[in-house]
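To start, the structure under review is shown below, and the notes come after it.
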Amino acid sequence: MFLLLALSMPFLFLVRPTPDDNTLRKLALVYSCNEMTYTNQSGWTDQSSTDDFEYYVALSNMEIILGNQLYYSLPLGVPIESWNAYSAVNIGSYGATIMDSDNLNGYDVWLCMISTENGSLTASYDRQFGVLVTGNWTETNFQRIINLQVMTFSPPLVPFVRNEGVLLAGIFVELAVIIGLLADRLKKS
């Protein structure tokens with residue numbers, strides 16, 4: 001019985017990671033990029049690529065690390081804690097307006113509009129982690145669309161066991177061993 005209690009203790013003390021969690025995780029991001037360019041000689045040409053990125057981050061420093069990494073002039077991560085619909089924000093070197101929130105590619109995102117010298121740029125950032133999800137550059141003879149295909153954390157962001165759960169599990173294992181030794185000794189005498 002004590003062994004069953006020992007095995008169940010870690011599950012009773014599960015904790016969800018919080019934004020100030022310092023546990024390092026490998027973050028893998030996979031983006032697809034599609035560029036269309038128009039020239040008078042050949043008309044529209046299309047070029048596609050896939051880019052993979054890997055970073056070791058903690059939830060507490062992810063925005064800082066990804067904020068310094070640019071993908072086609074957009075930071076891979078931004079601090080989104082104070083974002084609200086219809087507010088003005090900074091995204092890297094751009095000034096942007098948050099137009100709304102939506103669900104894109106399976107991510108709840110903030111939709112942002114950025115005015116550029118040659119056209120417009122719309123970008124979306126994940127509302128949970130602040131990671132770049134989409135970007136769409138539109139100019140007269142040029143369009144670029146980027147999409148986040150995969151975002152994975154290794155080890156996955158699953159609940160982890162607090163120290164109290166491990167400590168209680170150890171105590172119950174010791175009790176089971178002691179009671180087993182006492183029972184064995186009583187049988188012999």
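To be explicit about the labels: the chains of the structure tokens are called A, B, and onward in the order shown, and within each one the residues are counted from 1, while ligands get numbers from 1 in the order they are shown.
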Selection near range 70-79 of chain A, 12 Å with only C-alpha atoms, sequence-local residues under 6 positions removed, as a compact mmCIF listing (two decimals) with all heavy atoms, in the first residue's frame:
# COMPACT_ATOMS: atom_id res chain seq x y z
N PRO A 19 5.31 31.82 -16.40
CA PRO A 19 6.16 32.67 -17.24
C PRO A 19 7.54 32.96 -16.65
O PRO A 19 8.46 33.27 -17.38
CB PRO A 19 5.35 33.96 -17.36
CG PRO A 19 3.94 33.53 -17.17
CD PRO A 19 4.00 32.39 -16.18
N LEU A 27 13.73 24.94 -28.10
CA LEU A 27 12.60 25.44 -28.88
C LEU A 27 12.94 25.28 -30.35
O LEU A 27 13.98 25.78 -30.80
CB LEU A 27 12.34 26.91 -28.55
CG LEU A 27 11.34 27.65 -29.44
CD1 LEU A 27 9.94 27.05 -29.30
CD2 LEU A 27 11.32 29.12 -29.10
N ALA A 28 12.10 24.57 -31.09
CA ALA A 28 12.30 24.39 -32.53
C ALA A 28 11.18 25.12 -33.27
O ALA A 28 10.00 24.94 -32.96
CB ALA A 28 12.30 22.91 -32.90
N LEU A 29 11.57 25.97 -34.21
CA LEU A 29 10.62 26.71 -35.03
C LEU A 29 10.88 26.37 -36.49
O LEU A 29 12.04 26.39 -36.94
CB LEU A 29 10.79 28.22 -34.84
CG LEU A 29 10.63 28.74 -33.42
CD1 LEU A 29 11.05 30.20 -33.34
CD2 LEU A 29 9.19 28.58 -32.96
N VAL A 30 9.83 26.07 -37.23
CA VAL A 30 9.94 25.78 -38.67
C VAL A 30 9.01 26.75 -39.40
O VAL A 30 7.80 26.76 -39.14
CB VAL A 30 9.57 24.32 -39.00
CG1 VAL A 30 9.66 24.07 -40.50
CG2 VAL A 30 10.45 23.35 -38.23
N TYR A 31 9.58 27.54 -40.29
CA TYR A 31 8.82 28.52 -41.07
C TYR A 31 8.86 28.16 -42.55
O TYR A 31 9.89 27.69 -43.05
CB TYR A 31 9.41 29.93 -40.92
CG TYR A 31 9.16 30.55 -39.57
CD1 TYR A 31 10.08 30.42 -38.54
CD2 TYR A 31 8.00 31.26 -39.33
CE1 TYR A 31 9.86 31.00 -37.31
CE2 TYR A 31 7.77 31.85 -38.09
CZ TYR A 31 8.71 31.71 -37.09
OH TYR A 31 8.47 32.27 -35.86
N SER A 32 7.76 28.42 -43.23
CA SER A 32 7.76 28.34 -44.69
C SER A 32 7.72 29.77 -45.21
O SER A 32 7.08 30.64 -44.61
CB SER A 32 6.56 27.55 -45.20
OG SER A 32 5.36 28.23 -44.90
N CYS A 33 8.41 30.01 -46.31
CA CYS A 33 8.46 31.34 -46.91
C CYS A 33 8.15 31.20 -48.39
O CYS A 33 8.71 30.34 -49.08
CB CYS A 33 9.84 31.96 -46.71
SG CYS A 33 10.00 33.58 -47.49
N ASN A 34 7.25 32.05 -48.88
CA ASN A 34 6.89 32.05 -50.29
C ASN A 34 7.03 33.49 -50.80
O ASN A 34 6.37 34.39 -50.29
CB ASN A 34 5.46 31.54 -50.47
CG ASN A 34 5.11 31.30 -51.91
OD1 ASN A 34 5.98 31.23 -52.76
ND2 ASN A 34 3.83 31.18 -52.19
N GLU A 35 7.91 33.68 -51.79
CA GLU A 35 8.14 35.01 -52.36
C GLU A 35 7.69 35.03 -53.81
O GLU A 35 8.04 34.14 -54.59
CB GLU A 35 9.61 35.40 -52.29
CG GLU A 35 10.11 35.64 -50.91
CD GLU A 35 11.55 36.11 -50.87
OE1 GLU A 35 12.24 36.09 -51.92
OE2 GLU A 35 12.01 36.48 -49.78
N THR A 50 11.95 26.66 -46.84
CA THR A 50 11.61 26.31 -45.46
C THR A 50 12.84 26.57 -44.60
O THR A 50 13.96 26.23 -45.00
CB THR A 50 11.22 24.82 -45.34
OG1 THR A 50 10.11 24.58 -46.21
CG2 THR A 50 10.84 24.46 -43.93
N ASP A 51 12.63 27.21 -43.47
CA ASP A 51 13.74 27.55 -42.57
C ASP A 51 13.48 26.97 -41.20
O ASP A 51 12.38 27.12 -40.65
CB ASP A 51 13.89 29.07 -42.48
CG ASP A 51 14.23 29.69 -43.83
OD1 ASP A 51 15.27 29.34 -44.40
OD2 ASP A 51 13.43 30.51 -44.32
N ASP A 52 14.51 26.32 -40.64
CA ASP A 52 14.42 25.71 -39.31
C ASP A 52 15.31 26.50 -38.35
O ASP A 52 16.44 26.85 -38.70
CB ASP A 52 14.91 24.26 -39.32
CG ASP A 52 14.09 23.38 -40.23
OD1 ASP A 52 13.03 23.82 -40.71
OD2 ASP A 52 14.51 22.23 -40.47
N PHE A 53 14.80 26.74 -37.15
CA PHE A 53 15.56 27.42 -36.11
C PHE A 53 15.46 26.61 -34.83
O PHE A 53 14.40 26.07 -34.53
CB PHE A 53 15.02 28.83 -35.85
CG PHE A 53 15.01 29.72 -37.06
CD1 PHE A 53 13.85 29.90 -37.78
CD2 PHE A 53 16.16 30.35 -37.48
CE1 PHE A 53 13.82 30.71 -38.90
CE2 PHE A 53 16.16 31.16 -38.60
CZ PHE A 53 14.99 31.35 -39.31
N GLU A 54 16.56 26.56 -34.07
CA GLU A 54 16.56 25.91 -32.76
C GLU A 54 17.25 26.82 -31.77
O GLU A 54 18.32 27.37 -32.04
CB GLU A 54 17.29 24.57 -32.80
CG GLU A 54 16.52 23.48 -33.49
CD GLU A 54 17.20 22.12 -33.39
OE1 GLU A 54 18.32 22.03 -32.83
OE2 GLU A 54 16.61 21.15 -33.87
N TYR A 55 16.61 26.99 -30.61
CA TYR A 55 17.16 27.82 -29.55
C TYR A 55 16.94 27.11 -28.23
O TYR A 55 15.97 26.38 -28.06
CB TYR A 55 16.44 29.18 -29.49
CG TYR A 55 16.57 29.96 -30.78
CD1 TYR A 55 15.54 29.94 -31.72
CD2 TYR A 55 17.71 30.69 -31.06
CE1 TYR A 55 15.66 30.64 -32.90
CE2 TYR A 55 17.83 31.40 -32.24
CZ TYR A 55 16.80 31.37 -33.15
OH TYR A 55 16.92 32.05 -34.34
N VAL A 57 15.94 27.98 -24.63
CA VAL A 57 15.30 29.09 -23.95
C VAL A 57 14.61 28.62 -22.69
O VAL A 57 14.29 27.45 -22.55
CB VAL A 57 14.25 29.78 -24.86
CG1 VAL A 57 14.90 30.34 -26.11
CG2 VAL A 57 13.12 28.85 -25.21
N LEU A 59 11.20 29.95 -20.29
CA LEU A 59 10.04 30.82 -20.47
C LEU A 59 10.33 32.23 -19.99
O LEU A 59 9.80 33.20 -20.53
CB LEU A 59 8.82 30.25 -19.76
CG LEU A 59 8.29 28.92 -20.30
CD1 LEU A 59 7.08 28.48 -19.52
CD2 LEU A 59 7.96 29.03 -21.77
N SER A 60 11.22 32.35 -19.00
CA SER A 60 11.52 33.67 -18.44
C SER A 60 12.40 34.52 -19.35
O SER A 60 12.41 35.73 -19.24
CB SER A 60 12.19 33.52 -17.07
OG SER A 60 13.40 32.79 -17.22
N ASN A 61 13.16 33.90 -20.27
CA ASN A 61 14.04 34.69 -21.14
C ASN A 61 13.76 34.50 -22.63
O ASN A 61 14.51 34.99 -23.46
CB ASN A 61 15.51 34.36 -20.85
CG ASN A 61 15.93 32.98 -21.31
OD1 ASN A 61 15.14 32.24 -21.89
ND2 ASN A 61 17.16 32.63 -21.06
N MET A 62 12.69 33.81 -22.97
CA MET A 62 12.40 33.50 -24.36
C MET A 62 12.21 34.76 -25.20
O MET A 62 12.72 34.85 -26.32
CB MET A 62 11.17 32.60 -24.46
CG MET A 62 10.92 32.06 -25.84
SD MET A 62 9.78 30.67 -25.84
CE MET A 62 8.25 31.50 -25.62
N GLU A 63 11.49 35.74 -24.68
CA GLU A 63 11.25 36.98 -25.45
C GLU A 63 12.56 37.71 -25.75
O GLU A 63 12.72 38.27 -26.82
CB GLU A 63 10.31 37.90 -24.68
CG GLU A 63 8.92 37.36 -24.54
CD GLU A 63 8.09 38.18 -23.56
OE1 GLU A 63 8.64 39.08 -22.89
OE2 GLU A 63 6.88 37.91 -23.47
N ILE A 64 13.48 37.71 -24.80
CA ILE A 64 14.76 38.40 -24.99
C ILE A 64 15.59 37.70 -26.05
O ILE A 64 16.11 38.33 -26.97
CB ILE A 64 15.53 38.48 -23.66
CG1 ILE A 64 14.76 39.34 -22.67
CG2 ILE A 64 16.94 39.02 -23.88
CD1 ILE A 64 15.26 39.25 -21.25
N VAL A 89 2.23 49.52 -30.83
CA VAL A 89 3.31 48.76 -30.21
C VAL A 89 4.56 48.86 -31.09
O VAL A 89 4.48 49.27 -32.25
CB VAL A 89 2.93 47.27 -30.02
CG1 VAL A 89 1.78 47.12 -29.06
CG2 VAL A 89 2.61 46.61 -31.35
N ASN A 90 5.69 48.47 -30.53
CA ASN A 90 6.93 48.38 -31.30
C ASN A 90 7.23 46.91 -31.56
O ASN A 90 7.20 46.10 -30.63
CB ASN A 90 8.09 49.02 -30.55
CG ASN A 90 7.97 50.51 -30.50
OD1 ASN A 90 7.52 51.15 -31.45
ND2 ASN A 90 8.35 51.10 -29.38
N ILE A 91 7.51 46.61 -32.81
CA ILE A 91 7.92 45.27 -33.21
C ILE A 91 9.29 45.41 -33.86
O ILE A 91 9.39 45.81 -35.02
CB ILE A 91 6.91 44.63 -34.18
CG1 ILE A 91 5.55 44.48 -33.50
CG2 ILE A 91 7.42 43.28 -34.67
CD1 ILE A 91 4.46 43.95 -34.41
N GLY A 92 10.32 45.14 -33.09
CA GLY A 92 11.67 45.36 -33.59
C GLY A 92 11.86 46.84 -33.88
O GLY A 92 11.63 47.70 -33.03
N SER A 93 12.24 47.17 -35.12
CA SER A 93 12.44 48.56 -35.52
C SER A 93 11.17 49.20 -36.09
O SER A 93 11.20 50.34 -36.53
CB SER A 93 13.57 48.64 -36.54
OG SER A 93 13.23 47.90 -37.69
N TYR A 94 10.08 48.45 -36.13
CA TYR A 94 8.83 48.94 -36.71
C TYR A 94 7.88 49.46 -35.63
O TYR A 94 7.81 48.91 -34.53
CB TYR A 94 8.09 47.82 -37.46
CG TYR A 94 8.81 47.25 -38.64
CD1 TYR A 94 9.32 45.96 -38.60
CD2 TYR A 94 8.98 47.98 -39.80
CE1 TYR A 94 9.97 45.41 -39.69
CE2 TYR A 94 9.62 47.44 -40.90
CZ TYR A 94 10.12 46.16 -40.84
OH TYR A 94 10.76 45.63 -41.92
N GLY A 95 7.10 50.45 -36.00
CA GLY A 95 5.95 50.85 -35.21
C GLY A 95 4.74 50.16 -35.81
O GLY A 95 4.57 50.16 -37.03
N ALA A 96 3.91 49.56 -34.99
CA ALA A 96 2.78 48.77 -35.50
C ALA A 96 1.52 49.11 -34.73
O ALA A 96 1.56 49.64 -33.63
CB ALA A 96 3.09 47.28 -35.38
N TRP A 110 -2.10 37.84 -32.09
CA TRP A 110 -2.38 39.26 -32.27
C TRP A 110 -2.07 39.61 -33.71
O TRP A 110 -0.99 39.29 -34.20
CB TRP A 110 -1.51 40.12 -31.35
CG TRP A 110 -1.83 40.06 -29.90
CD1 TRP A 110 -1.06 39.51 -28.91
CD2 TRP A 110 -2.99 40.57 -29.26
NE1 TRP A 110 -1.68 39.65 -27.70
CE2 TRP A 110 -2.87 40.31 -27.89
CE3 TRP A 110 -4.13 41.24 -29.71
CZ2 TRP A 110 -3.84 40.68 -26.97
CZ3 TRP A 110 -5.08 41.62 -28.79
CH2 TRP A 110 -4.94 41.33 -27.43
N CYS A 112 -1.16 42.36 -36.43
CA CYS A 112 -0.52 43.68 -36.40
C CYS A 112 -0.34 44.22 -37.82
O CYS A 112 0.03 43.48 -38.73
CB CYS A 112 0.86 43.59 -35.75
SG CYS A 112 0.82 42.85 -34.11
N ILE A 114 1.70 47.07 -40.11
CA ILE A 114 2.90 47.90 -40.11
C ILE A 114 2.96 48.62 -41.44
O ILE A 114 2.89 47.98 -42.50
CB ILE A 114 4.16 47.04 -39.91
CG1 ILE A 114 4.08 46.26 -38.59
CG2 ILE A 114 5.41 47.89 -39.98
CD1 ILE A 114 5.14 45.20 -38.43
N THR A 116 5.10 50.47 -44.24
CA THR A 116 6.49 50.54 -44.68
C THR A 116 6.60 51.56 -45.81
O THR A 116 5.60 52.06 -46.31
CB THR A 116 6.97 49.15 -45.18
OG1 THR A 116 6.18 48.76 -46.31
CG2 THR A 116 6.85 48.11 -44.09
N LEU A 121 2.93 45.75 -44.40
CA LEU A 121 3.39 44.52 -43.79
C LEU A 121 2.41 44.17 -42.68
O LEU A 121 2.10 45.00 -41.83
CB LEU A 121 4.80 44.70 -43.21
CG LEU A 121 5.35 43.67 -42.24
CD1 LEU A 121 5.39 42.29 -42.85
CD2 LEU A 121 6.74 44.07 -41.78
N THR A 122 1.87 42.98 -42.73
CA THR A 122 1.05 42.48 -41.63
C THR A 122 1.80 41.34 -40.97
O THR A 122 2.46 40.55 -41.65
CB THR A 122 -0.34 42.00 -42.10
OG1 THR A 122 -0.17 40.98 -43.09
CG2 THR A 122 -1.16 43.13 -42.67
N ALA A 123 1.74 41.30 -39.67
CA ALA A 123 2.42 40.25 -38.92
C ALA A 123 1.49 39.78 -37.82
O ALA A 123 0.61 40.52 -37.38
CB ALA A 123 3.73 40.77 -38.34
N SER A 124 1.68 38.56 -37.39
CA SER A 124 0.92 38.05 -36.26
C SER A 124 1.87 37.35 -35.30
O SER A 124 2.83 36.70 -35.71
CB SER A 124 -0.19 37.10 -36.72
OG SER A 124 0.35 35.94 -37.30
N TYR A 125 1.58 37.55 -34.02
CA TYR A 125 2.40 36.97 -32.95
C TYR A 125 1.52 36.17 -32.00
O TYR A 125 0.41 36.60 -31.66
CB TYR A 125 3.14 38.07 -32.18
CG TYR A 125 4.34 38.58 -32.93
CD1 TYR A 125 4.23 39.60 -33.86
CD2 TYR A 125 5.59 38.01 -32.72
CE1 TYR A 125 5.34 40.06 -34.56
CE2 TYR A 125 6.70 38.46 -33.41
CZ TYR A 125 6.57 39.48 -34.33
OH TYR A 125 7.67 39.91 -35.02
N ASP A 126 2.02 35.02 -31.59
CA ASP A 126 1.33 34.12 -30.68
C ASP A 126 1.01 34.85 -29.36
O ASP A 126 1.88 35.52 -28.80
CB ASP A 126 2.22 32.89 -30.42
CG ASP A 126 1.62 31.93 -29.44
OD1 ASP A 126 0.58 31.33 -29.77
OD2 ASP A 126 2.18 31.79 -28.34
N ARG A 127 -0.22 34.71 -28.89
CA ARG A 127 -0.65 35.42 -27.69
C ARG A 127 -0.14 34.78 -26.41
O ARG A 127 -0.17 35.41 -25.36
CB ARG A 127 -2.18 35.48 -27.64
CG ARG A 127 -2.74 36.40 -28.71
CD ARG A 127 -4.22 36.47 -28.66
NE ARG A 127 -4.62 37.09 -27.39
CZ ARG A 127 -5.85 37.44 -27.10
NH1 ARG A 127 -6.81 37.25 -27.97
NH2 ARG A 127 -6.13 37.98 -25.94
N GLN A 128 0.36 33.55 -26.48
CA GLN A 128 0.87 32.89 -25.27
C GLN A 128 2.36 33.14 -25.08
O GLN A 128 2.81 33.49 -24.00
CB GLN A 128 0.60 31.39 -25.33
CG GLN A 128 1.06 30.65 -24.09
CD GLN A 128 0.74 29.18 -24.13
OE1 GLN A 128 0.31 28.64 -25.14
NE2 GLN A 128 0.96 28.50 -23.02
N PHE A 129 3.16 32.98 -26.16
CA PHE A 129 4.61 33.07 -26.04
C PHE A 129 5.21 34.28 -26.75
O PHE A 129 6.38 34.56 -26.58
CB PHE A 129 5.27 31.80 -26.60
CG PHE A 129 4.87 30.56 -25.88
CD1 PHE A 129 4.11 29.60 -26.51
CD2 PHE A 129 5.23 30.34 -24.56
CE1 PHE A 129 3.73 28.44 -25.85
CE2 PHE A 129 4.87 29.20 -23.89
CZ PHE A 129 4.10 28.24 -24.55
N GLY A 130 4.44 34.98 -27.58
CA GLY A 130 4.98 36.13 -28.31
C GLY A 130 5.85 35.75 -29.49
O GLY A 130 6.68 36.53 -29.94
N VAL A 131 5.66 34.55 -30.04
CA VAL A 131 6.46 34.06 -31.16
C VAL A 131 5.80 34.45 -32.49
O VAL A 131 4.57 34.40 -32.62
CB VAL A 131 6.61 32.52 -31.08
CG1 VAL A 131 7.28 31.95 -32.32
CG2 VAL A 131 7.39 32.14 -29.83
N LEU A 132 6.62 34.85 -33.46
CA LEU A 132 6.14 35.21 -34.79
C LEU A 132 5.42 34.03 -35.43
O LEU A 132 5.97 32.93 -35.51
CB LEU A 132 7.32 35.65 -35.67
CG LEU A 132 7.02 35.96 -37.13
CD1 LEU A 132 6.14 37.19 -37.25
CD2 LEU A 132 8.32 36.14 -37.90
N VAL A 133 4.19 34.24 -35.90
CA VAL A 133 3.41 33.18 -36.53
C VAL A 133 3.30 33.41 -38.03
O VAL A 133 3.51 32.50 -38.82
CB VAL A 133 2.01 33.04 -35.89
CG1 VAL A 133 1.16 32.02 -36.63
CG2 VAL A 133 2.14 32.66 -34.42
N THR A 134 2.94 34.64 -38.45
CA THR A 134 2.84 34.93 -39.88
C THR A 134 3.41 36.31 -40.18
O THR A 134 3.46 37.18 -39.30
CB THR A 134 1.38 34.91 -40.39
OG1 THR A 134 0.64 35.94 -39.74
CG2 THR A 134 0.72 33.57 -40.17
N GLY A 135 3.81 36.49 -41.41
CA GLY A 135 4.21 37.80 -41.92
C GLY A 135 3.83 37.88 -43.39
O GLY A 135 3.95 36.89 -44.12
N ASN A 136 3.33 39.04 -43.82
CA ASN A 136 2.90 39.20 -45.21
C ASN A 136 3.33 40.59 -45.69
O ASN A 136 2.77 41.59 -45.27
CB ASN A 136 1.39 39.03 -45.32
CG ASN A 136 0.91 39.02 -46.75
OD1 ASN A 136 1.64 39.37 -47.67
ND2 ASN A 136 -0.33 38.64 -46.94
N TRP A 137 4.36 40.62 -46.56
CA TRP A 137 4.85 41.86 -47.15
C TRP A 137 4.15 42.05 -48.49
O TRP A 137 4.18 41.15 -49.33
CB TRP A 137 6.35 41.80 -47.40
CG TRP A 137 7.20 41.85 -46.18
CD1 TRP A 137 7.89 42.92 -45.73
CD2 TRP A 137 7.50 40.78 -45.27
NE1 TRP A 137 8.59 42.61 -44.60
CE2 TRP A 137 8.36 41.29 -44.29
CE3 TRP A 137 7.09 39.45 -45.18
CZ2 TRP A 137 8.84 40.52 -43.24
CZ3 TRP A 137 7.57 38.69 -44.15
CH2 TRP A 137 8.43 39.22 -43.19
N ARG A 144 5.79 38.69 -50.10
CA ARG A 144 6.43 37.63 -49.33
C ARG A 144 5.46 37.21 -48.24
O ARG A 144 4.91 38.04 -47.52
CB ARG A 144 7.72 38.11 -48.70
CG ARG A 144 8.37 37.04 -47.81
CD ARG A 144 9.59 37.54 -47.07
NE ARG A 144 10.63 37.95 -47.99
CZ ARG A 144 11.29 39.11 -47.89
NH1 ARG A 144 10.99 39.98 -46.94
NH2 ARG A 144 12.24 39.41 -48.75
N ILE A 145 5.28 35.90 -48.11
CA ILE A 145 4.40 35.36 -47.07
C ILE A 145 5.21 34.34 -46.28
O ILE A 145 5.76 33.39 -46.86
CB ILE A 145 3.16 34.68 -47.67
CG1 ILE A 145 2.35 35.69 -48.49
CG2 ILE A 145 2.30 34.05 -46.58
CD1 ILE A 145 1.25 35.07 -49.32
N ILE A 146 5.27 34.53 -44.97
CA ILE A 146 5.92 33.55 -44.10
C ILE A 146 4.88 33.00 -43.14
O ILE A 146 3.98 33.71 -42.70
CB ILE A 146 7.13 34.12 -43.34
CG1 ILE A 146 6.73 35.29 -42.45
CG2 ILE A 146 8.23 34.51 -44.29
CD1 ILE A 146 7.83 35.75 -41.54
N ASN A 147 4.99 31.71 -42.84
CA ASN A 147 4.07 31.03 -41.93
C ASN A 147 4.84 30.11 -41.00
O ASN A 147 5.72 29.37 -41.46
CB ASN A 147 3.06 30.18 -42.70
CG ASN A 147 2.00 31.01 -43.37
OD1 ASN A 147 1.28 31.74 -42.71
ND2 ASN A 147 1.92 30.91 -44.69
N LEU A 148 4.49 30.16 -39.72
CA LEU A 148 5.04 29.21 -38.76
C LEU A 148 4.36 27.87 -38.98
O LEU A 148 3.14 27.75 -38.86
CB LEU A 148 4.80 29.71 -37.33
CG LEU A 148 5.26 28.81 -36.20
CD1 LEU A 148 6.77 28.59 -36.23
CD2 LEU A 148 4.84 29.39 -34.86
N MET A 151 6.05 24.65 -34.03
CA MET A 151 6.71 25.20 -32.84
C MET A 151 6.67 24.11 -31.79
O MET A 151 5.60 23.72 -31.33
CB MET A 151 6.01 26.45 -32.32
CG MET A 151 6.63 26.99 -31.05
SD MET A 151 6.02 28.61 -30.48
CE MET A 151 4.28 28.34 -30.27
Residue with smallest distance to Ala88 in chain A - pool A:Gly67, A:Thr45, A:Asn141, A:Asp100, counting only C-alpha atoms: A:Asp100
Secondary structure check, alpha helix (DSSP H) residues of chain A, as a ChimeraX atom specification: /A:2-12,62-67,163-188
Just N, CA and C atoms for this one: save the residues we selected as a CSV table (one decimal), in the first residue's frame.
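As written to disk, part31.csv reads:
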chain,number,residue,atom,x,y,z
A,2,PHE,N,2.0,1.2,0.8
A,2,PHE,CA,2.8,2.4,0.8
A,2,PHE,C,3.5,2.6,-0.5
A,3,LEU,N,3.8,1.5,-1.2
A,3,LEU,CA,4.4,1.6,-2.5
A,3,LEU,C,3.5,2.3,-3.5
A,4,LEU,N,2.2,2.0,-3.4
A,4,LEU,CA,1.2,2.6,-4.3
A,4,LEU,C,1.1,4.1,-3.9
A,5,LEU,N,1.1,4.5,-2.6
A,5,LEU,CA,1.1,5.9,-2.3
A,5,LEU,C,2.4,6.6,-2.8
A,6,ALA,N,3.5,5.9,-2.7
A,6,ALA,CA,4.7,6.5,-3.2
A,6,ALA,C,4.7,6.8,-4.7
A,7,LEU,N,4.1,5.9,-5.4
A,7,LEU,CA,4.0,6.1,-6.9
A,7,LEU,C,3.0,7.2,-7.2
A,8,SER,N,2.0,7.4,-6.4
A,8,SER,CA,1.0,8.4,-6.7
A,8,SER,C,1.4,9.8,-6.2
A,9,MET,N,2.3,9.9,-5.3
A,9,MET,CA,2.7,11.2,-4.7
A,9,MET,C,3.2,12.2,-5.8
A,10,PRO,N,4.1,11.9,-6.7
A,10,PRO,CA,4.5,12.9,-7.7
A,10,PRO,C,3.3,13.4,-8.5
A,11,PHE,N,2.3,12.6,-8.8
A,11,PHE,CA,1.2,13.0,-9.6
A,11,PHE,C,0.3,14.0,-8.8
A,12,LEU,N,0.3,13.9,-7.5
A,12,LEU,CA,-0.5,14.8,-6.7
A,12,LEU,C,0.1,16.2,-6.6
A,62,MET,N,12.7,33.8,-23.0
A,62,MET,CA,12.4,33.5,-24.4
A,62,MET,C,12.2,34.8,-25.2
A,63,GLU,N,11.5,35.7,-24.7
A,63,GLU,CA,11.3,37.0,-25.4
A,63,GLU,C,12.6,37.7,-25.7
A,64,ILE,N,13.5,37.7,-24.8
A,64,ILE,CA,14.8,38.4,-25.0
A,64,ILE,C,15.6,37.7,-26.1
A,65,ILE,N,15.7,36.4,-26.0
A,65,ILE,CA,16.5,35.6,-26.9
A,65,ILE,C,15.9,35.7,-28.3
A,66,LEU,N,14.6,35.5,-28.5
A,66,LEU,CA,14.0,35.5,-29.8
A,66,LEU,C,13.8,36.9,-30.3
A,67,GLY,N,13.8,37.9,-29.4
A,67,GLY,CA,13.7,39.3,-29.8
A,67,GLY,C,14.9,39.8,-30.6
A,163,ASN,N,9.3,19.5,-5.7
A,163,ASN,CA,10.1,18.8,-4.8
A,163,ASN,C,9.4,18.1,-3.7
A,164,GLU,N,8.3,18.7,-3.3
A,164,GLU,CA,7.5,18.1,-2.2
A,164,GLU,C,7.0,16.7,-2.6
A,165,GLY,N,6.6,16.5,-3.9
A,165,GLY,CA,6.1,15.2,-4.4
A,165,GLY,C,7.1,14.2,-4.3
A,166,VAL,N,8.3,14.5,-4.7
A,166,VAL,CA,9.5,13.6,-4.7
A,166,VAL,C,9.8,13.2,-3.3
A,167,LEU,N,9.8,14.2,-2.4
A,167,LEU,CA,10.2,14.0,-1.0
A,167,LEU,C,9.2,13.0,-0.4
A,168,LEU,N,7.9,13.3,-0.6
A,168,LEU,CA,6.9,12.4,0.0
A,168,LEU,C,6.9,11.0,-0.6
A,169,ALA,N,7.2,10.9,-1.9
A,169,ALA,CA,7.3,9.6,-2.5
A,169,ALA,C,8.5,8.8,-1.9
A,170,GLY,N,9.6,9.5,-1.6
A,170,GLY,CA,10.7,8.8,-1.0
A,170,GLY,C,10.4,8.3,0.5
A,171,ILE,N,9.6,9.2,1.2
A,171,ILE,CA,9.2,8.8,2.5
A,171,ILE,C,8.4,7.5,2.5
A,172,PHE,N,7.4,7.5,1.6
A,172,PHE,CA,6.5,6.3,1.5
A,172,PHE,C,7.3,5.1,1.1
A,173,VAL,N,8.3,5.2,0.2
A,173,VAL,CA,9.1,4.0,-0.2
A,173,VAL,C,9.9,3.5,1.0
A,174,GLU,N,10.5,4.5,1.8
A,174,GLU,CA,11.2,4.0,3.0
A,174,GLU,C,10.2,3.3,4.0
A,175,LEU,N,9.0,3.9,4.2
A,175,LEU,CA,8.1,3.2,5.1
A,175,LEU,C,7.7,1.8,4.6
A,176,ALA,N,7.6,1.7,3.3
A,176,ALA,CA,7.2,0.4,2.8
A,176,ALA,C,8.4,-0.6,3.0
A,177,VAL,N,9.6,-0.2,2.9
A,177,VAL,CA,10.8,-1.0,3.1
A,177,VAL,C,10.9,-1.4,4.6
A,178,ILE,N,10.7,-0.4,5.5
A,178,ILE,CA,10.8,-0.7,6.9
A,178,ILE,C,9.7,-1.6,7.4
A,179,ILE,N,8.4,-1.4,6.9
A,179,ILE,CA,7.3,-2.3,7.3
A,179,ILE,C,7.6,-3.7,6.7
A,180,GLY,N,8.1,-3.8,5.5
A,180,GLY,CA,8.4,-5.1,4.9
A,180,GLY,C,9.5,-5.8,5.8
A,181,LEU,N,10.5,-5.1,6.2
A,181,LEU,CA,11.6,-5.7,7.0
A,181,LEU,C,11.0,-6.2,8.4
A,182,LEU,N,10.2,-5.3,9.0
A,182,LEU,CA,9.6,-5.7,10.3
A,182,LEU,C,8.7,-6.9,10.1
A,183,ALA,N,7.9,-7.0,9.1
A,183,ALA,CA,7.0,-8.1,8.9
A,183,ALA,C,7.8,-9.4,8.7
A,184,ASP,N,8.9,-9.3,8.0
A,184,ASP,CA,9.8,-10.4,7.7
A,184,ASP,C,10.4,-10.9,9.1
A,185,ARG,N,10.8,-10.0,9.9
A,185,ARG,CA,11.4,-10.3,11.2
A,185,ARG,C,10.4,-10.9,12.1
A,186,LEU,N,9.2,-10.4,12.1
A,186,LEU,CA,8.1,-11.0,12.9
A,186,LEU,C,7.8,-12.4,12.5
A,187,LYS,N,7.8,-12.7,11.2
A,187,LYS,CA,7.6,-14.1,10.7
A,187,LYS,C,8.6,-15.0,11.2
A,188,LYS,N,9.9,-14.6,11.3
A,188,LYS,CA,11.0,-15.5,11.7
A,188,LYS,C,10.9,-15.8,13.2
Of the listed residues A:Met113, A:Gln41, A:Tyr107, A:Thr152, that which approaches Tyr56 in chain A most closely, counting only C-alpha atoms: A:Thr152
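From CA of Asp102 in chain A back to CA of Thr138 in chain A, the distance works out to 20.4 Å.
The space separating CA of Tyr38 in chain A from CA of Phe142 in chain A comes to 6.3 Å.
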